[in-house]
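> coords_26.txt is the file, holding compact mmCIF, C-alpha atoms:
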# COMPACT_ATOMS: atom_id res chain seq x y z
CA MET K 475 -18.96 -18.86 1.84
CA LEU K 476 -16.72 -17.73 -1.04
CA ILE K 477 -16.03 -14.43 0.71
CA THR K 478 -15.08 -16.27 3.90
CA VAL K 479 -12.60 -18.43 1.97
CA LEU K 480 -11.20 -15.35 0.23
CA LEU K 481 -10.90 -13.53 3.56
CA ILE K 482 -8.92 -16.44 5.03
CA LEU K 483 -6.67 -16.63 1.95
CA HIS K 484 -6.23 -12.83 2.12
CA GLY K 485 -5.20 -13.15 5.76
CA LEU K 486 -2.82 -16.05 5.09
CA ALA K 487 -1.17 -14.14 2.25
CA GLY K 488 -0.82 -11.24 4.69
CA VAL K 489 0.93 -13.49 7.22
CA ILE K 490 3.46 -14.66 4.62
CA LEU K 491 3.94 -11.08 3.45
CA ILE K 492 4.61 -9.92 7.01
CA GLY K 493 7.26 -12.61 7.46
CA ALA K 494 8.94 -11.84 4.15
CA THR K 495 8.95 -8.04 4.48
CA THR K 496 10.09 -8.17 8.10
CA HIS K 497 13.00 -10.48 7.26
CA GLN K 498 13.96 -8.34 4.30
CA THR K 499 13.70 -5.10 6.27
CA ILE K 500 15.99 -6.44 9.00
CA ALA K 501 18.45 -7.65 6.36
CA SER K 502 18.31 -4.32 4.52
CA TRP K 503 19.66 -2.43 7.56
CA LYS K 504 22.55 -4.85 8.08
CA THR K 505 25.78 -2.87 8.06
CA LYS K 506 28.38 -5.66 8.19
CA SER K 507 28.67 -9.41 7.81
CA ALA K 508 28.56 -11.51 10.97
CA PRO K 509 28.55 -15.23 11.67
CA SER K 510 25.14 -16.90 12.02
CA ASN K 511 25.76 -18.54 15.38
CA THR K 512 22.60 -17.35 17.10
CA PHE K 513 18.95 -16.94 16.13
CA PHE K 514 19.25 -13.16 15.88
CA GLN K 515 22.45 -13.35 13.82
CA SER K 516 20.73 -15.77 11.43
CA LEU K 517 17.78 -13.40 11.21
CA ILE K 518 20.04 -10.45 10.38
CA ASN K 519 22.03 -12.48 7.83
CA THR K 520 18.97 -13.27 5.73
CA ARG K 521 19.68 -12.73 2.02
CA GLY K 522 17.21 -9.92 1.51
CA ALA K 523 17.27 -9.79 -2.29
CA THR K 524 15.88 -13.31 -2.58
CA TYR K 525 12.57 -12.16 -1.07
CA THR K 526 11.91 -9.38 -3.57
CA ASN K 527 9.97 -11.14 -6.33
CA ALA K 528 7.92 -13.12 -3.82
CA ILE K 529 7.03 -9.90 -1.95
CA VAL K 530 6.00 -8.09 -5.14
CA ILE K 531 3.83 -10.99 -6.32
CA LEU K 532 2.31 -11.55 -2.86
CA TYR K 533 1.63 -7.84 -2.39
CA ILE K 534 -0.21 -7.65 -5.72
CA LEU K 535 -2.17 -10.86 -5.05
CA THR K 536 -3.07 -9.71 -1.53
CA SER K 537 -4.20 -6.34 -2.89
CA ILE K 538 -6.37 -8.02 -5.53
CA GLY K 539 -7.84 -10.27 -2.84
CA GLY K 540 -8.50 -7.22 -0.68
CA GLY K 541 -10.17 -5.49 -3.61
CA ILE K 542 -12.49 -8.45 -4.14
CA ILE K 543 -13.63 -8.60 -0.50
CA TYR K 544 -13.69 -4.81 0.01
CA PRO K 545 -17.30 -4.40 -1.27
CA THR K 546 -18.44 -6.93 1.34
CA TYR K 547 -16.78 -4.80 4.04
CA VAL K 548 -18.60 -1.72 2.74
CA MET K 549 -21.97 -3.47 2.72
CA ASP K 550 -21.79 -5.72 5.79
CA VAL K 551 -19.11 -4.48 8.17
CA LYS K 552 -18.89 -0.70 7.79
CA GLY K 553 -22.60 -0.30 8.45
CA SER K 554 -22.35 -2.35 11.64
CA LEU K 555 -19.39 -0.31 12.82
CA THR K 556 -21.28 2.93 12.09
CA ASP K 557 -24.33 1.69 13.99
CA ALA K 558 -22.09 0.77 16.93
CA GLN K 559 -20.40 4.20 16.75
CA MET K 560 -17.00 2.50 16.39
CA LEU K 561 -15.52 5.40 14.45
CA SER K 562 -11.93 4.54 15.34
CA ALA K 563 -12.36 1.15 13.70
CA ILE K 564 -13.71 2.80 10.53
CA GLY K 565 -10.81 5.26 10.59
CA ALA K 566 -8.32 2.43 11.00
CA PHE K 567 -9.72 0.75 7.90
CA GLU K 568 -9.50 4.04 6.00
CA LEU K 569 -5.80 4.15 6.86
CA LYS K 570 -5.40 0.53 5.76
CA GLU K 571 -7.04 1.01 2.37
CA HIS K 572 -5.00 4.12 1.56
CA TYR K 573 -1.65 2.89 2.90
CA ALA K 574 -2.06 -0.34 0.95
CA ILE K 575 -2.29 1.64 -2.30
CA VAL K 576 0.70 3.82 -1.44
CA GLY K 577 2.62 0.57 -0.90
CA LEU K 578 1.36 -0.74 -4.23
CA ALA K 579 2.62 2.41 -5.94
CA MET K 580 6.06 1.87 -4.38
CA LEU K 581 6.56 -1.64 -5.75
CA PRO K 582 8.29 -0.66 -9.04
CA THR K 583 11.00 1.44 -7.34
CA TYR K 584 11.31 -1.10 -4.54
CA TRP K 585 11.82 -3.91 -7.07
CA TYR K 586 14.31 -1.86 -9.09
CA LEU K 587 16.37 -1.00 -6.02
CA TRP K 588 16.69 -4.66 -5.01
CA LYS K 589 17.08 -6.23 -8.45
CA LYS K 590 18.84 -3.70 -10.66
CA VAL K 591 20.93 -1.52 -8.35
CA PRO K 592 24.17 -3.17 -7.13
CA PRO K 593 23.86 -4.24 -3.46
CA ALA K 594 26.62 -1.90 -2.29
CA GLU K 595 24.93 1.17 -3.81
CA HIS K 596 22.09 3.21 -2.32
CA ARG K 597 21.74 0.96 0.71
CA VAL K 598 19.84 3.55 2.79
CA THR K 599 17.36 4.28 0.00
CA ARG K 600 16.77 0.55 -0.48
CA ALA K 601 16.36 0.05 3.27
CA LEU K 602 13.95 3.00 3.57
CA ASN K 603 11.79 1.77 0.69
CA THR K 604 11.70 -1.70 2.20
CA THR K 605 10.92 -0.40 5.68
CA VAL K 606 8.03 1.73 4.43
CA ILE K 607 6.51 -1.23 2.57
CA CYS K 608 7.00 -3.40 5.66
CA ALA K 609 5.21 -0.79 7.79
CA MET K 610 2.31 -0.71 5.29
CA VAL K 611 1.99 -4.49 5.43
CA TRP K 612 2.03 -4.57 9.25
CA THR K 613 -0.56 -1.78 9.45
CA ALA K 614 -2.84 -3.42 6.89
CA PHE K 615 -2.58 -6.82 8.52
CA LEU K 616 -3.18 -5.65 12.08
CA VAL K 617 -6.11 -3.42 11.13
CA GLY K 618 -7.70 -6.17 9.03
CA HIS K 619 -7.24 -8.72 11.79
CA ILE K 620 -8.66 -6.43 14.49
CA LEU K 621 -11.65 -5.46 12.33
CA ASN K 622 -12.35 -9.10 11.62
CA ASN K 623 -12.36 -9.72 15.37
CA ILE K 624 -14.66 -6.74 16.00
CA LYS K 625 -17.17 -7.85 13.38
CA GLY K 626 -17.28 -11.23 15.07
CA LEU K 627 -18.38 -9.54 18.28
CA ILE K 628 -21.18 -7.39 16.83
CA MET T 844 22.70 1.96 -14.37
CA MET T 845 20.18 4.30 -12.76
CA SER T 846 18.50 5.53 -15.93
CA LYS T 847 15.16 3.86 -15.13
CA MET T 848 15.06 4.78 -11.45
CA PHE T 849 13.83 8.35 -11.97
CA PRO T 850 10.78 7.45 -14.14
CA LEU T 851 9.89 4.70 -11.67
CA ALA T 852 10.24 7.05 -8.70
CA VAL T 853 8.06 9.62 -10.50
CA PHE T 854 5.47 6.91 -11.17
CA THR T 855 5.47 6.00 -7.47
CA GLY T 856 5.16 9.58 -6.25
CA VAL T 857 2.51 10.69 -8.74
CA PHE T 858 0.45 7.50 -8.33
CA ALA T 859 0.40 7.85 -4.53
CA PHE T 860 -0.28 11.59 -4.59
CA VAL T 861 -2.98 11.58 -7.28
CA TYR T 862 -4.70 8.55 -5.75
CA TYR T 863 -5.13 10.28 -2.41
CA ALA T 864 -5.86 13.68 -3.95
CA CYS T 865 -8.79 12.06 -5.80
CA PHE T 866 -10.12 10.86 -2.44
CA VAL T 867 -9.61 14.15 -0.64
CA PHE T 868 -11.10 16.30 -3.40
CA GLY T 869 -13.89 13.84 -4.18
CA TYR T 870 -12.89 13.20 -7.78
CA THR T 871 -14.92 10.07 -8.50
CA PRO T 872 -16.08 10.04 -12.12
CA VAL T 873 -16.99 6.35 -11.86
CA ARG T 874 -18.59 4.82 -8.76
CA TYR T 875 -19.08 1.19 -7.85
CA TYR T 876 -22.32 0.23 -6.13
CA PRO T 877 -21.63 -3.11 -4.42
CA LEU T 878 -25.31 -3.71 -3.61
CA LEU T 879 -26.13 -3.57 -7.34
CA GLY T 880 -22.76 -4.90 -8.49
CA GLU T 881 -22.57 -2.05 -11.01
CA PHE T 882 -20.06 0.58 -12.08
CA THR T 883 -21.71 3.83 -13.15
CA THR T 884 -20.88 7.45 -13.84
CA GLN T 885 -24.21 8.51 -12.33
CA ASP T 886 -24.90 9.44 -8.73
CA LEU T 887 -27.60 6.94 -7.84
CA PRO T 888 -30.22 7.44 -5.08
CA ARG T 889 -29.66 6.17 -1.52
CA THR T 890 -31.72 3.08 -2.27
CA ALA T 891 -28.83 1.91 -4.47
CA GLY T 892 -26.74 1.46 -1.32
CA PRO T 893 -23.27 2.78 -0.53
CA ALA T 894 -21.05 3.93 -3.40
CA MET T 895 -17.36 3.12 -3.66
CA GLY T 896 -14.75 5.32 -5.31
CA TRP T 897 -11.67 3.30 -4.33
CA PHE T 898 -11.30 1.44 -7.62
CA THR T 899 -11.58 4.68 -9.60
CA TRP T 900 -8.97 6.45 -7.47
CA ILE T 901 -6.54 3.55 -8.02
CA VAL T 902 -7.03 3.62 -11.79
CA VAL T 903 -6.77 7.43 -11.99
CA GLY T 904 -3.66 7.41 -9.78
CA ALA T 905 -2.01 4.61 -11.77
CA VAL T 906 -2.73 6.26 -15.13
CA ALA T 907 -1.45 9.63 -13.87
CA GLY T 908 1.67 7.88 -12.54
CA LEU T 909 2.19 6.09 -15.84
CA VAL T 910 1.89 9.29 -17.87
CA ALA T 911 4.19 11.18 -15.50
CA GLY T 912 6.66 8.30 -15.46
CA LEU T 913 6.78 8.23 -19.27
CA ALA T 914 7.24 12.01 -19.35
CA ALA T 915 10.07 11.68 -16.80
CA MET T 916 12.02 9.54 -19.26
CA VAL T 917 12.99 12.69 -21.16
CA VAL T 918 14.62 14.26 -18.08
CA PRO T 919 18.43 14.24 -18.45
CA LYS T 920 20.00 11.30 -16.63
CA ASN T 921 22.30 13.37 -14.42
CA ILE T 922 19.38 15.43 -13.03
CA GLY T 923 17.01 12.49 -12.68
CA GLU T 924 19.45 10.28 -10.82
CA ARG T 925 20.04 12.88 -8.16
CA LEU T 926 16.32 13.31 -7.52
CA ALA T 927 15.24 9.68 -7.82
CA MET T 928 16.74 8.33 -4.61
CA GLY T 929 14.98 10.84 -2.36
CA LEU T 930 11.80 10.90 -4.45
CA SER T 931 11.32 7.14 -4.11
CA TRP T 932 10.62 7.32 -0.37
CA VAL T 933 10.05 10.99 0.55
CA VAL T 934 6.84 11.37 -1.48
CA PRO T 935 5.25 8.10 -0.25
CA ILE T 936 6.04 8.98 3.36
CA GLY T 937 4.69 12.50 2.76
CA VAL T 938 1.46 11.07 1.35
CA CYS T 939 1.23 8.74 4.38
CA VAL T 940 1.51 11.71 6.73
CA TRP T 941 -1.14 13.55 4.68
CA ILE T 942 -3.41 10.49 4.96
CA LEU T 943 -2.91 10.38 8.72
CA ILE T 944 -3.73 14.09 9.08
CA VAL T 945 -6.89 13.83 6.95
CA GLU T 946 -8.13 10.65 8.61
CA TRP T 947 -7.26 11.72 12.16
CA HIS T 948 -10.80 12.97 12.79
CA TRP T 949 -12.01 9.36 13.04
CA PHE T 950 -9.95 8.88 16.18
CA VAL T 951 -10.96 12.05 18.02
CA GLU T 952 -14.69 12.37 17.27
So, in terms of structure tokens, how does the structure I just supplied come out?

Amino acid sequence: MLITVLLILHGLAGVILIGATTHQTIASWKTKSAPSNTFFQSLINTRGATYTNAIVILYILTSIGGGIIYPTYVMDVKGSLTDAQMLSAIGAFELKEHYAIVGLAMLPTYWYLWKKVPPAEHRVTRALNTTVICAMVWTAFLVGHILNNIKGLI
Amino acid sequence: MMSKMFPLAVFTGVFAFVYYACFVFGYTPVRYYPLLGEFTTQDLPRTAGPAMGWFTWIVVGAVAGLVAGLAAMVVPKNIGERLAMGLSWVVPIGVCVWILIVEWHWFVE
């Protein structure tokens, strides 16, 4: 029961993280100011820097949550996937677990670039760091969601 | 302004690289056995259930990154600043490509 609750909280934190990193990534590639008359213009005009602390905290909390439920995956899910010969699903989780840690390692530089470097400086580096973290979050979320669906079918 | 960027970028790169190198080369001095709920330095028999090295690799990677980051603080600012911007994303992306290459066998077997 506790693991189920943690899994749901882990997933919900992932949803918020996806929204925040996607908004920030779009904002980070913005090259010039534009009026926010349409939905897409509003999306692009998001103030990216305001998301930084929330993303760092959410990323760490989501990683801790993932670490707590990971042993359950190893004991209950991985064995089922092996028995069912679903090697691609196991491989996808391997990518998720490793990419998540690479993203974790990037958080200090990511935070520094958004909070300590003036906005007009090193825009491409900031955007690249943000985009990589965003890609990690999307990969981790999609793999986790798909695996959760697969386990429900076995 | 950028004096702290180089040590942080070194931390990022070394953490990511050492973490995955531990996995690839099987460096797992401490294993976690979820069935027993125990951390141990010993290689337990199969009856103990699956062993996990993930937590160890994270700690080893983070400690290596921390040590390297502290060491990077002595690098002259003018050299460090030039390297930091590229280092902050090139190494993580490189490690991601390495991960994809190593794990690719799962998708073709």
> Let me make sure I understand: among T:Ala915, T:Val867, T:Val903, T:Leu878, which one has the smallest atom-to-atom distance to chain K if we use all atoms listed in the file?
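Closest candidate: T:Leu878.
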> Could you give me, as a PyMOL selection string, the residues within 12 Å of Ile534 (chain K), counting all atoms listed in the file and dropping anything in the same chain fewer than 6 positions from it?
chain K and resi 484+487-488+491+527-528+540-541+574-575+577-582+611
> By how many Å are CA of Arg521 (chain K) and CA of Leu851 (chain T) apart?
24.2 Å
> Just to confirm, what's the straight-line distance from CA of Thr613 (chain K) to CA of Glu571 (chain K) in Å (one decimal)?
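It comes out at 10.0 Å.
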> Pick the closest to Phe858 (chain T) from T:Gly908, T:Pro872, T:Gly929, T:Gly896: which is it, counting only C-alpha atoms?
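Between T:Gly908, T:Pro872, T:Gly929, T:Gly896, the residue approaching Phe858 (chain T) most closely is T:Gly908.
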> Residues of chain T within 6 Å of chain K, using only C-alpha atoms, as a PyMOL selection string?
chain T and resi 851-852+855+859+877+932+949-950
> As AutoDock Vina command-line options, please: the centre and edge lengths in Å, to one decimal, of an axis-aligned box enclosing every listed atom of region 931-936 of chain T with 8 Å added on each side.

--center_x 8.3 --center_y 9.3 --center_z -0.4 --size_x 22.1 --size_y 20.2 --size_z 23.5
> Using only C-alpha atoms, which residues sit within 8 Å of Phe860 (chain T) once same-chain residues fewer than 3 positions away are excluded, as a list of chain:residue names?
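Near Phe860 (chain T), the qualifying residues are T:Gly856, T:Val857, T:Tyr863, T:Ala864, T:Gly904, T:Val934, T:Pro935, T:Val938.
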> What's the 8 Å shell around region 921-925 of chain T, counting only C-alpha atoms, without same-chain residues fewer than 4 positions away, as a list in words?
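With the cut-off at 8 Å, the set is Met845, Ser846, Met848, Phe849 and Gly929 of chain T.
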> Find the residues with any atom within 7 Å of (-21.6, 3.6, -12.9); use all atoms listed in the file and the coordinates as given in the file, and write the answer as an MDAnalysis selection string.
chainID T and resid 873:875 881:885
> Provide the CA of Leu517 (chain K) to CA of Ser502 (chain K) distance in Å, to one decimal place.
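Distance reported for this atom pair: 11.3 Å.
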> Could you check the closest approach to Phe868 (chain T) for each of T:Gly912, T:Val933, T:Val940, T:Trp900 and tell me which residue wins, using all atoms listed in the file?
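The shortest atom-to-atom distance to Phe868 (chain T) comes from T:Trp900.
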> May I have the residues within 9 Å of Gly485 (chain K) as an NGL selection string, using all atoms listed in the file and disregarding those fewer than 5 positions away in the same chain?
:K and (480 or 490 or 536 or 615 or 618-619)
> Please identify all polymer residues within 9 Å of Val902 (chain T), counting only C-alpha atoms, omitting same-chain residues fewer than 5 positions from it, and present them as a list in words.
Tyr862, Trp897 and Ala907 of chain T
> Which of these, T:Ala927, T:Leu943, T:Val951, T:Leu909, has the shortest distance to Phe567 (chain K) once you count only C-alpha atoms?
T:Leu943
> Give the answer as one residue: which of K:Ala594, K:Leu481, K:Val489, K:Leu476 has the shortest atom-to-atom distance to Leu616 (chain K), using all atoms listed in the file?
K:Val489
> T:Ile901, T:Ile936, T:Ala894, T:Cys865: which is nearest Leu879 (chain T), counting all atoms listed in the file?
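Among T:Ile901, T:Ile936, T:Ala894, T:Cys865, it is T:Ala894 that comes nearest to Leu879 (chain T).
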